[in-house]
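J.: File name final-v4.cif; file contents mmCIF, C-alpha atoms; full text below.
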```cif
data_entry
loop_
_atom_site.group_PDB
_atom_site.id
_atom_site.type_symbol
_atom_site.label_atom_id
_atom_site.label_comp_id
_atom_site.auth_asym_id
_atom_site.auth_seq_id
_atom_site.Cartn_x
_atom_site.Cartn_y
_atom_site.Cartn_z
ATOM 1 C CA MET A 1 -8.405 -43.967 53.828
ATOM 2 C CA HIS A 2 -5.368 -41.742 54.515
ATOM 3 C CA ASN A 3 -6.905 -38.645 52.925
ATOM 4 C CA PRO A 4 -10.621 -38.548 53.777
ATOM 5 C CA TRP A 5 -11.249 -35.817 51.194
ATOM 6 C CA LYS A 6 -10.065 -38.037 48.341
ATOM 7 C CA LEU A 7 -13.423 -39.769 47.997
ATOM 8 C CA TYR A 8 -15.219 -36.427 47.755
ATOM 9 C CA ASP A 9 -12.691 -35.073 45.259
ATOM 10 C CA GLU A 10 -13.137 -38.143 43.043
ATOM 11 C CA LEU A 11 -16.916 -37.742 43.041
ATOM 12 C CA ILE A 12 -16.599 -34.064 42.144
ATOM 13 C CA GLU A 13 -14.001 -34.686 39.436
ATOM 14 C CA GLY A 14 -16.358 -37.195 37.807
ATOM 15 C CA ILE A 15 -18.789 -34.383 36.984
ATOM 16 C CA PRO A 16 -17.997 -32.799 33.595
ATOM 17 C CA ALA A 17 -17.572 -29.055 33.217
ATOM 18 C CA GLU A 18 -20.634 -28.412 31.051
ATOM 19 C CA PRO A 19 -23.721 -29.072 33.267
ATOM 20 C CA THR A 20 -24.949 -26.162 35.358
ATOM 21 C CA VAL A 21 -27.344 -25.633 38.248
ATOM 22 C CA LYS A 22 -30.827 -24.874 36.947
ATOM 23 C CA TYR A 23 -32.657 -24.749 40.276
ATOM 24 C CA TYR A 24 -31.955 -25.577 43.892
ATOM 25 C CA GLN A 25 -33.600 -25.458 47.300
ATOM 26 C CA GLY A 26 -32.648 -26.370 50.838
ATOM 27 C CA GLY A 27 -35.699 -28.057 52.326
ATOM 28 C CA TYR A 28 -36.636 -29.038 55.877
ATOM 29 C CA ASN A 29 -35.951 -32.745 55.258
ATOM 30 C CA TRP A 30 -34.389 -32.850 51.796
ATOM 31 C CA SER A 31 -32.216 -30.465 49.837
ATOM 32 C CA ARG A 32 -32.384 -30.699 46.075
ATOM 33 C CA VAL A 33 -30.562 -29.505 42.997
ATOM 34 C CA VAL A 34 -31.907 -29.650 39.436
ATOM 35 C CA SER A 35 -29.238 -29.599 36.753
ATOM 36 C CA SER A 36 -29.313 -28.202 33.233
ATOM 37 C CA GLU A 37 -29.898 -31.830 32.176
ATOM 38 C CA ASP A 38 -33.243 -31.694 34.033
ATOM 39 C CA SER A 39 -32.073 -34.274 36.529
ATOM 40 C CA MET A 40 -32.736 -33.787 40.231
ATOM 41 C CA GLY A 41 -30.433 -34.853 43.034
ATOM 42 C CA LEU A 42 -31.447 -35.129 46.679
ATOM 43 C CA ALA A 43 -29.529 -35.096 49.944
ATOM 44 C CA MET A 44 -30.760 -35.156 53.515
ATOM 45 C CA THR A 45 -30.768 -31.732 55.124
ATOM 46 C CA ILE A 46 -28.833 -31.742 58.398
ATOM 47 C CA PRO A 47 -29.938 -28.595 60.279
ATOM 48 C CA MET A 48 -26.559 -27.781 61.767
ATOM 49 C CA ILE A 49 -24.946 -24.415 61.087
ATOM 50 C CA THR A 50 -21.787 -24.082 63.142
ATOM 51 C CA TRP A 51 -19.600 -22.522 60.453
ATOM 52 C CA PRO A 52 -20.291 -19.666 58.012
ATOM 53 C CA ALA A 53 -21.265 -20.623 54.485
ATOM 54 C CA LEU A 54 -18.496 -21.042 51.912
ATOM 55 C CA PHE A 55 -20.619 -19.640 49.088
ATOM 56 C CA HIS A 56 -21.186 -15.883 49.266
ATOM 57 C CA GLU A 57 -22.677 -15.066 45.854
ATOM 58 C CA PRO A 58 -26.421 -14.317 45.508
ATOM 59 C CA THR A 59 -27.336 -17.640 43.888
ATOM 60 C CA LEU A 60 -26.039 -21.012 42.736
ATOM 61 C CA ALA A 61 -28.330 -20.942 39.690
ATOM 62 C CA GLY A 62 -26.303 -20.896 36.496
ATOM 63 C CA LYS A 63 -23.116 -21.993 38.251
ATOM 64 C CA PRO A 64 -21.280 -25.088 36.976
ATOM 65 C CA LEU A 65 -22.622 -28.194 38.682
ATOM 66 C CA ARG A 66 -19.066 -29.187 39.564
ATOM 67 C CA GLU A 67 -18.599 -25.884 41.403
ATOM 68 C CA ALA A 68 -21.826 -26.371 43.351
ATOM 69 C CA ALA A 69 -20.713 -29.907 44.217
ATOM 70 C CA GLN A 70 -17.665 -28.468 46.004
ATOM 71 C CA LEU A 71 -20.013 -27.300 48.752
ATOM 72 C CA VAL A 72 -20.241 -30.894 50.002
ATOM 73 C CA LYS A 73 -16.900 -30.221 51.692
ATOM 74 C CA SER A 74 -18.379 -27.412 53.793
ATOM 75 C CA TRP A 75 -18.621 -27.842 57.576
ATOM 76 C CA ASN A 76 -21.849 -25.888 57.372
ATOM 77 C CA PHE A 77 -24.022 -28.984 56.955
ATOM 78 C CA VAL A 78 -26.993 -27.116 55.435
ATOM 79 C CA GLU A 79 -24.651 -25.940 52.676
ATOM 80 C CA ALA A 80 -22.997 -29.375 52.440
ATOM 81 C CA ALA A 81 -26.402 -30.962 51.732
ATOM 82 C CA LEU A 82 -26.767 -28.743 48.661
ATOM 83 C CA GLY A 83 -23.308 -29.842 47.514
ATOM 84 C CA MET A 84 -24.269 -33.493 47.892
ATOM 85 C CA ALA A 85 -27.540 -32.884 46.053
ATOM 86 C CA ALA A 86 -25.520 -31.355 43.209
ATOM 87 C CA ILE A 87 -23.356 -34.484 43.056
ATOM 88 C CA ASN A 88 -26.456 -36.675 42.967
ATOM 89 C CA SER A 89 -28.089 -34.614 40.234
ATOM 90 C CA TRP A 90 -25.273 -35.863 37.996
ATOM 91 C CA TYR A 91 -24.763 -39.467 39.074
ATOM 92 C CA ASN A 92 -28.414 -40.286 39.765
ATOM 93 C CA GLN A 93 -29.762 -39.181 36.403
ATOM 94 C CA PRO A 94 -31.956 -42.232 35.599
ATOM 95 C CA GLU A 95 -30.513 -43.343 32.271
ATOM 96 C CA ARG A 96 -26.940 -42.766 33.443
ATOM 97 C CA ALA A 97 -27.451 -44.630 36.696
ATOM 98 C CA GLU A 98 -29.019 -47.646 35.016
ATOM 99 C CA SER A 99 -26.537 -47.826 32.138
ATOM 100 C CA CYS A 100 -23.600 -47.777 34.531
ATOM 101 C CA GLY A 101 -24.747 -50.279 37.049
ATOM 102 C CA PHE A 102 -26.765 -53.333 37.849
ATOM 103 C CA VAL A 103 -30.414 -52.832 38.729
ATOM 104 C CA HIS A 104 -31.229 -55.631 41.129
ATOM 105 C CA PRO A 105 -34.040 -57.781 39.668
ATOM 106 C CA ASN A 106 -35.968 -57.746 42.944
ATOM 107 C CA VAL A 107 -36.608 -54.026 42.457
ATOM 108 C CA ALA A 108 -38.900 -54.895 39.557
ATOM 109 C CA ASN A 109 -40.769 -57.274 41.848
ATOM 110 C CA GLY A 110 -41.745 -54.499 44.204
ATOM 111 C CA LEU A 111 -38.831 -54.786 46.652
ATOM 112 C CA ARG A 112 -37.612 -51.224 46.678
ATOM 113 C CA GLU A 113 -35.514 -51.111 49.831
ATOM 114 C CA ALA A 114 -31.890 -52.227 50.073
ATOM 115 C CA PHE A 115 -32.847 -54.132 53.191
ATOM 116 C CA ASP A 116 -35.283 -56.204 51.118
ATOM 117 C CA VAL A 117 -32.843 -56.727 48.261
ATOM 118 C CA TYR A 118 -30.152 -58.127 50.577
ATOM 119 C CA PHE A 119 -32.523 -59.928 52.921
ATOM 120 C CA GLU A 120 -31.520 -63.462 51.898
ATOM 121 C CA GLU A 121 -27.805 -62.658 52.066
ATOM 122 C CA VAL A 122 -27.825 -61.318 55.614
ATOM 123 C CA GLN A 123 -29.724 -64.139 57.285
ATOM 124 C CA GLY A 124 -27.671 -65.538 60.161
ATOM 125 C CA LYS A 125 -24.959 -62.869 59.696
ATOM 126 C CA LYS A 126 -23.666 -60.091 61.919
ATOM 127 C CA VAL A 127 -25.262 -56.941 60.538
ATOM 128 C CA CYS A 128 -24.831 -53.334 61.588
ATOM 129 C CA ILE A 129 -26.976 -50.486 60.280
ATOM 130 C CA VAL A 130 -25.629 -46.948 60.570
ATOM 131 C CA GLY A 131 -28.717 -44.804 60.964
ATOM 132 C CA HIS A 132 -31.991 -45.910 62.528
ATOM 133 C CA PHE A 133 -34.278 -46.563 59.575
ATOM 134 C CA PRO A 134 -38.032 -46.965 60.279
ATOM 135 C CA PHE A 135 -39.270 -50.483 61.045
ATOM 136 C CA ILE A 136 -35.769 -51.942 60.743
ATOM 137 C CA GLU A 137 -36.019 -54.065 63.883
ATOM 138 C CA LYS A 138 -39.280 -55.611 62.718
ATOM 139 C CA ARG A 139 -37.815 -56.392 59.313
ATOM 140 C CA PHE A 140 -34.660 -58.090 60.602
ATOM 141 C CA SER A 141 -35.835 -59.458 63.945
ATOM 142 C CA GLY A 142 -34.854 -63.117 64.279
ATOM 143 C CA TYR A 143 -33.008 -63.211 60.937
ATOM 144 C CA CYS A 144 -29.590 -61.827 61.845
ATOM 145 C CA ASP A 145 -27.446 -60.533 64.685
ATOM 146 C CA LEU A 146 -28.459 -56.881 64.357
ATOM 147 C CA SER A 147 -26.774 -53.770 65.744
ATOM 148 C CA ILE A 148 -27.916 -50.209 65.066
ATOM 149 C CA LEU A 149 -25.661 -47.164 65.345
ATOM 150 C CA GLU A 150 -27.436 -43.828 65.687
ATOM 151 C CA ARG A 151 -26.285 -40.268 66.369
ATOM 152 C CA ASN A 152 -29.495 -39.636 68.335
ATOM 153 C CA PRO A 153 -30.031 -43.139 69.733
ATOM 154 C CA ASP A 154 -33.311 -44.667 70.822
ATOM 155 C CA MET A 155 -33.537 -47.454 73.369
ATOM 156 C CA GLY A 156 -31.540 -50.408 72.037
ATOM 157 C CA ASP A 157 -29.415 -48.353 69.643
ATOM 158 C CA TYR A 158 -25.677 -47.896 70.077
ATOM 159 C CA PRO A 159 -24.366 -44.305 70.129
ATOM 160 C CA ASP A 160 -22.296 -43.574 67.042
ATOM 161 C CA PRO A 161 -18.866 -43.606 68.819
ATOM 162 C CA ALA A 162 -19.436 -47.362 69.238
ATOM 163 C CA CYS A 163 -18.648 -47.656 65.514
ATOM 164 C CA GLU A 164 -14.956 -47.996 66.400
ATOM 165 C CA TYR A 165 -15.700 -51.202 68.299
ATOM 166 C CA ILE A 166 -18.651 -52.697 66.410
ATOM 167 C CA LEU A 167 -17.992 -52.205 62.691
ATOM 168 C CA PRO A 168 -14.741 -54.246 62.408
ATOM 169 C CA GLU A 169 -16.633 -57.324 63.636
ATOM 170 C CA GLN A 170 -19.524 -57.226 61.145
ATOM 171 C CA ASP A 171 -20.345 -59.323 58.078
ATOM 172 C CA TYR A 172 -22.609 -56.664 56.542
ATOM 173 C CA VAL A 173 -22.769 -52.935 57.184
ATOM 174 C CA PHE A 174 -25.549 -50.721 55.817
ATOM 175 C CA ILE A 175 -24.657 -47.014 55.951
ATOM 176 C CA THR A 176 -27.070 -44.148 55.420
ATOM 177 C CA GLY A 177 -26.096 -41.858 52.545
ATOM 178 C CA SER A 178 -26.433 -38.848 54.838
ATOM 179 C CA THR A 179 -22.943 -39.731 56.121
ATOM 180 C CA PHE A 180 -21.619 -38.065 52.957
ATOM 181 C CA VAL A 181 -23.036 -34.796 54.294
ATOM 182 C CA ASN A 182 -21.730 -35.055 57.856
ATOM 183 C CA LYS A 183 -18.316 -36.324 56.645
ATOM 184 C CA THR A 184 -18.304 -39.551 58.682
ATOM 185 C CA LEU A 185 -18.405 -41.886 55.666
ATOM 186 C CA PRO A 186 -14.625 -42.195 55.019
ATOM 187 C CA ARG A 187 -14.012 -43.376 58.590
ATOM 188 C CA LEU A 188 -16.998 -45.727 58.529
ATOM 189 C CA LEU A 189 -15.684 -47.329 55.332
ATOM 190 C CA ALA A 190 -12.249 -47.779 56.877
ATOM 191 C CA LEU A 191 -13.752 -49.477 59.931
ATOM 192 C CA SER A 192 -15.896 -51.753 57.755
ATOM 193 C CA GLN A 193 -13.147 -53.246 55.590
ATOM 194 C CA ASN A 194 -13.986 -56.775 56.757
ATOM 195 C CA ALA A 195 -17.669 -56.418 55.854
ATOM 196 C CA ARG A 196 -19.820 -56.116 52.760
ATOM 197 C CA VAL A 197 -20.797 -52.461 52.818
ATOM 198 C CA VAL A 198 -24.011 -51.131 51.292
ATOM 199 C CA ILE A 199 -24.700 -47.379 51.193
ATOM 200 C CA VAL A 200 -28.422 -46.716 51.228
ATOM 201 C CA GLY A 201 -30.941 -43.909 50.920
ATOM 202 C CA PRO A 202 -31.811 -40.990 48.624
ATOM 203 C CA SER A 203 -28.572 -39.173 49.584
ATOM 204 C CA THR A 204 -26.505 -41.988 48.020
ATOM 205 C CA PRO A 205 -24.735 -41.248 44.709
ATOM 206 C CA LEU A 206 -24.921 -44.054 42.154
ATOM 207 C CA ALA A 207 -21.252 -43.562 41.336
ATOM 208 C CA PRO A 208 -19.106 -46.510 40.139
ATOM 209 C CA ILE A 209 -16.033 -45.008 41.815
ATOM 210 C CA LEU A 210 -17.482 -46.140 45.147
ATOM 211 C CA PHE A 211 -17.089 -49.784 44.115
ATOM 212 C CA GLU A 212 -13.373 -49.135 43.692
ATOM 213 C CA ARG A 213 -13.314 -47.909 47.300
ATOM 214 C CA GLY A 214 -14.542 -51.246 48.636
ATOM 215 C CA VAL A 215 -18.298 -50.642 48.632
ATOM 216 C CA TYR A 216 -20.303 -53.783 47.869
ATOM 217 C CA GLY A 217 -23.659 -52.224 47.040
ATOM 218 C CA LEU A 218 -25.397 -48.911 46.433
ATOM 219 C CA SER A 219 -29.058 -48.112 46.843
ATOM 220 C CA GLY A 220 -29.843 -44.610 45.596
ATOM 221 C CA PHE A 221 -32.817 -42.649 44.368
ATOM 222 C CA THR A 222 -33.607 -41.606 40.802
ATOM 223 C CA SER A 223 -36.621 -39.710 39.497
ATOM 224 C CA THR A 224 -37.955 -39.333 35.968
ATOM 225 C CA SER A 225 -40.571 -36.733 36.976
ATOM 226 C CA ILE A 226 -39.248 -33.589 38.619
ATOM 227 C CA ASP A 227 -42.765 -32.138 38.879
ATOM 228 C CA ARG A 228 -44.085 -35.173 40.749
ATOM 229 C CA LEU A 229 -41.017 -35.211 42.957
ATOM 230 C CA GLU A 230 -41.528 -31.541 43.812
ATOM 231 C CA ASP A 231 -45.128 -32.354 44.779
ATOM 232 C CA ALA A 232 -43.905 -35.202 46.982
ATOM 233 C CA LEU A 233 -41.338 -32.982 48.688
ATOM 234 C CA ARG A 234 -44.034 -30.375 49.356
ATOM 235 C CA GLY A 235 -46.323 -33.041 50.792
ATOM 236 C CA ALA A 236 -48.904 -32.594 48.046
ATOM 237 C CA SER A 237 -51.578 -35.280 47.565
ATOM 238 C CA ASN A 238 -50.002 -37.482 50.263
ATOM 239 C CA MET A 239 -47.318 -38.506 47.777
ATOM 240 C CA THR A 240 -44.023 -40.002 48.895
ATOM 241 C CA LEU A 241 -40.656 -39.932 47.166
ATOM 242 C CA PHE A 242 -41.352 -43.427 45.840
ATOM 243 C CA ASP A 243 -44.426 -42.155 43.983
ATOM 244 C CA ALA A 244 -42.084 -39.946 41.964
ATOM 245 C CA GLY A 245 -39.044 -42.150 41.530
ATOM 246 C CA LEU A 246 -37.301 -45.432 42.127
ATOM 247 C CA MET A 247 -34.610 -46.784 44.411
ATOM 248 C CA VAL A 248 -31.971 -48.246 42.086
ATOM 249 C CA ASP A 249 -29.723 -50.950 43.516
ATOM 250 C CA GLN A 250 -26.251 -51.569 42.123
ATOM 251 C CA MET A 251 -23.841 -54.298 43.230
ATOM 252 C CA ARG A 252 -20.085 -54.402 42.734
ATOM 253 C CA VAL A 253 -20.108 -58.069 41.736
ATOM 254 C CA ALA A 254 -22.472 -57.489 38.826
ATOM 255 C CA ARG A 255 -21.943 -53.916 37.730
ATOM 256 C CA LEU A 256 -21.115 -52.880 34.178
ATOM 257 C CA SER A 257 -17.753 -51.281 33.469
ATOM 258 C CA CYS A 258 -18.176 -47.549 32.909
ATOM 259 C CA SER A 259 -14.911 -46.182 31.568
ATOM 260 C CA THR A 260 -17.055 -43.848 29.445
ATOM 261 C CA TYR A 261 -19.246 -43.015 32.417
ATOM 262 C CA PRO A 262 -19.759 -39.287 31.695
ATOM 263 C CA THR A 263 -21.665 -40.158 28.512
ATOM 264 C CA GLY A 264 -23.810 -42.709 30.325
ATOM 265 C CA ARG A 265 -22.785 -45.514 27.954
ATOM 266 C CA PRO A 266 -21.397 -48.761 29.370
ATOM 267 C CA SER A 267 -18.188 -50.015 27.802
ATOM 268 C CA GLY A 268 -18.760 -53.683 28.481
ATOM 269 C CA ARG A 269 -18.509 -56.187 31.304
#
```
Kindly return the structure encoded in the file as C-alpha cells.
T.:
Amino acid sequence: MHNPWKLYDELIEGIPAEPTVKYYQGGYNWSRVVSSEDSMGLAMTIPMITWPALFHEPTLAGKPLREAAQLVKSWNFVEAALGMAAINSWYNQPERAESCGFVHPNVANGLREAFDVYFEEVQGKKVCIVGHFPFIEKRFSGYCDLSILERNPDMGDYPDPACEYILPEQDYVFITGSTFVNKTLPRLLALSQNARVVIVGPSTPLAPILFERGVYGLSGFTSTSIDRLEDALRGASNMTLFDAGLMVDQMRVARLSCSTYPTGRPSGR
C-alpha cells in the first residue's frame, strides 16, 4: 500500500458524524470506548509512550466518535489504543457487524476462535501467525507448517523483522488486531499478498472495507452487555471477555454487500 495511512483514513471516514463518545478508559490490558449508541469497542493497550499525546483537552467524552477515532494515528500508542477502540465501538456494534457480514456457522457450535474456524482450511498449508497467541502450538502442531512472528519472541518464535522474509511465502497469515495500534498492519498486508489473510482478536474492526484491501477473514469481538463486559475487564467474578460477548467471524467470500453500511442494513449479495 503506497500510502499506509489510507487504510486508517477509510476506517475513520466510515464513521458518521452523529455518534459521540459517551465513556472511555485506557486499561492495563484493554482500552475501551462506549459510544452514544451504547456500543463498546476494545483495543489492546500497548504501554509505550514515546511521543506526547495529540489530544490536549480535558476529556474525550461528548466528542464526535470520528474525532476520537483520529487518535489511532498517534505515535503515542496508549492514545492510539483509544482511537482504535473508538473505531471498534462503531464497526463492532453487534447488529451492525452481523448485518454487514457473514457469521461463520461454526461459531454457533462453540468454536469461537478464528484458529478453530479455519482449522480445516489450513491443514497441510504454510501458516504464519503474527502475535504469539496462547496454546497456538498445541492447537496447530502436526496440522500445518507453522511459523510465529512475535515482537517479544519466546523460544521457537521468529522476531518480527523476519516478516519481510517469511510472509511472502505463506498460504495463510493470521494477524493480531493490535497491529492497527502499532501501525505495522499496512506493511504486513503488503507482504502477505500471496496468502489468505485473517485479522484476529478483540482489537479487530468488523469493517467491510478491509475485504476490499485483500483481507480474507475478520474475527472481531462484539458485546451486547456493556455492564458484563465492564465486570470482565475489571476481573470481577472470574469472568472473561467471552462471558460478555462473542467473537464474530466474517469471510470475504461469503460476506453481504454493505453499500448502506452506516445504517447497518445489508443491500443484498
J.: Please enumerate the residues selected by the PyMOL selection byres ((chain A and resi 211-221) around 7) when evaluated against the supplied file, formatted as a list of chain:residue names.
T.: A:Asn92, A:Ala114, A:Arg196, A:Val197, A:Val198, A:Ile199, A:Val200, A:Gly201, A:Pro202, A:Ser203, A:Thr204, A:Pro205, A:Leu206, A:Pro208, A:Ile209, A:Leu210, A:Thr222, A:Ser223, A:Gly245, A:Leu246, A:Met247, A:Val248, A:Asp249, A:Gln250, A:Met251, A:Arg252
J.: Applying 12 Å and only C-alpha atoms, which residues near A:Ser192 remain after dropping the ones on its own chain fewer than 4 positions away? List them as a ChimeraX atom specification.
T.: /A:1,127-130,163-175,185-188,196-199,213-216
J.: Please determine, counting only C-alpha atoms, which residue among A:Ala43, A:Met48, A:Leu189, A:Ala244 has the shortest atom-to-atom distance to A:Trp75.
T.: A:Met48
J.: Just the number, please: distance in Å from atom CA of A:Ile46 to atom CA of A:Ser31, one decimal.
T.: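 These two atoms are separated by 9.3 Å.
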J.: Given the file shown, enumerate the residues that the PyMOL selection byres ((chain A and resi 142-149) around 8) captures and present them as an mmCIF file with C-alpha atoms, keeping the file's coordinate frame.
T.:
```
data_model
loop_
_atom_site.group_PDB
_atom_site.id
_atom_site.type_symbol
_atom_site.label_atom_id
_atom_site.label_comp_id
_atom_site.auth_asym_id
_atom_site.auth_seq_id
_atom_site.Cartn_x
_atom_site.Cartn_y
_atom_site.Cartn_z
ATOM 1 C CA VAL A 122 -27.825 -61.318 55.614
ATOM 2 C CA GLN A 123 -29.724 -64.139 57.285
ATOM 3 C CA GLY A 124 -27.671 -65.538 60.161
ATOM 4 C CA LYS A 125 -24.959 -62.869 59.696
ATOM 5 C CA LYS A 126 -23.666 -60.091 61.919
ATOM 6 C CA VAL A 127 -25.262 -56.941 60.538
ATOM 7 C CA CYS A 128 -24.831 -53.334 61.588
ATOM 8 C CA ILE A 129 -26.976 -50.486 60.280
ATOM 9 C CA VAL A 130 -25.629 -46.948 60.570
ATOM 10 C CA GLY A 131 -28.717 -44.804 60.964
ATOM 11 C CA HIS A 132 -31.991 -45.910 62.528
ATOM 12 C CA PHE A 140 -34.660 -58.090 60.602
ATOM 13 C CA SER A 141 -35.835 -59.458 63.945
ATOM 14 C CA GLU A 150 -27.436 -43.828 65.687
ATOM 15 C CA ARG A 151 -26.285 -40.268 66.369
ATOM 16 C CA PRO A 153 -30.031 -43.139 69.733
ATOM 17 C CA GLY A 156 -31.540 -50.408 72.037
ATOM 18 C CA ASP A 157 -29.415 -48.353 69.643
ATOM 19 C CA TYR A 158 -25.677 -47.896 70.077
ATOM 20 C CA PRO A 159 -24.366 -44.305 70.129
ATOM 21 C CA ASP A 160 -22.296 -43.574 67.042
ATOM 22 C CA ALA A 162 -19.436 -47.362 69.238
ATOM 23 C CA CYS A 163 -18.648 -47.656 65.514
#
```
J.: Taking (-23.1, -29.6, 38.4) in the coordinates of the supplied file, I want to know which residues reach to within 8 Å of it, counting all atoms listed in the file; could you give the answer as a PyMOL selection string?
T.: chain A and resi 15-21+35+63-69+86-87+89-90
J.: I need the chosen residues saved as a compact mmCIF listing (two decimals), in the coordinates of the input, with C-alpha atoms.
T.:
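The result, stored in out26.txt:
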```
# COMPACT_ATOMS: atom_id res chain seq x y z
CA ILE A 15 -18.79 -34.38 36.98
CA PRO A 16 -18.00 -32.80 33.60
CA ALA A 17 -17.57 -29.06 33.22
CA GLU A 18 -20.63 -28.41 31.05
CA PRO A 19 -23.72 -29.07 33.27
CA THR A 20 -24.95 -26.16 35.36
CA VAL A 21 -27.34 -25.63 38.25
CA SER A 35 -29.24 -29.60 36.75
CA LYS A 63 -23.12 -21.99 38.25
CA PRO A 64 -21.28 -25.09 36.98
CA LEU A 65 -22.62 -28.19 38.68
CA ARG A 66 -19.07 -29.19 39.56
CA GLU A 67 -18.60 -25.88 41.40
CA ALA A 68 -21.83 -26.37 43.35
CA ALA A 69 -20.71 -29.91 44.22
CA ALA A 86 -25.52 -31.36 43.21
CA ILE A 87 -23.36 -34.48 43.06
CA SER A 89 -28.09 -34.61 40.23
CA TRP A 90 -25.27 -35.86 38.00
```
J.: Kindly provide, as JSON, the centre and edge lengths (Å, one decimal) of an axis-aligned box around all atoms of stretch 152-163 of chain A given in the file, with 5 Å on each side.
T.:
```
{"center_x": -26.1, "center_y": -45.0, "center_z": 69.4, "size_x": 24.9, "size_y": 20.8, "size_z": 17.9}
```
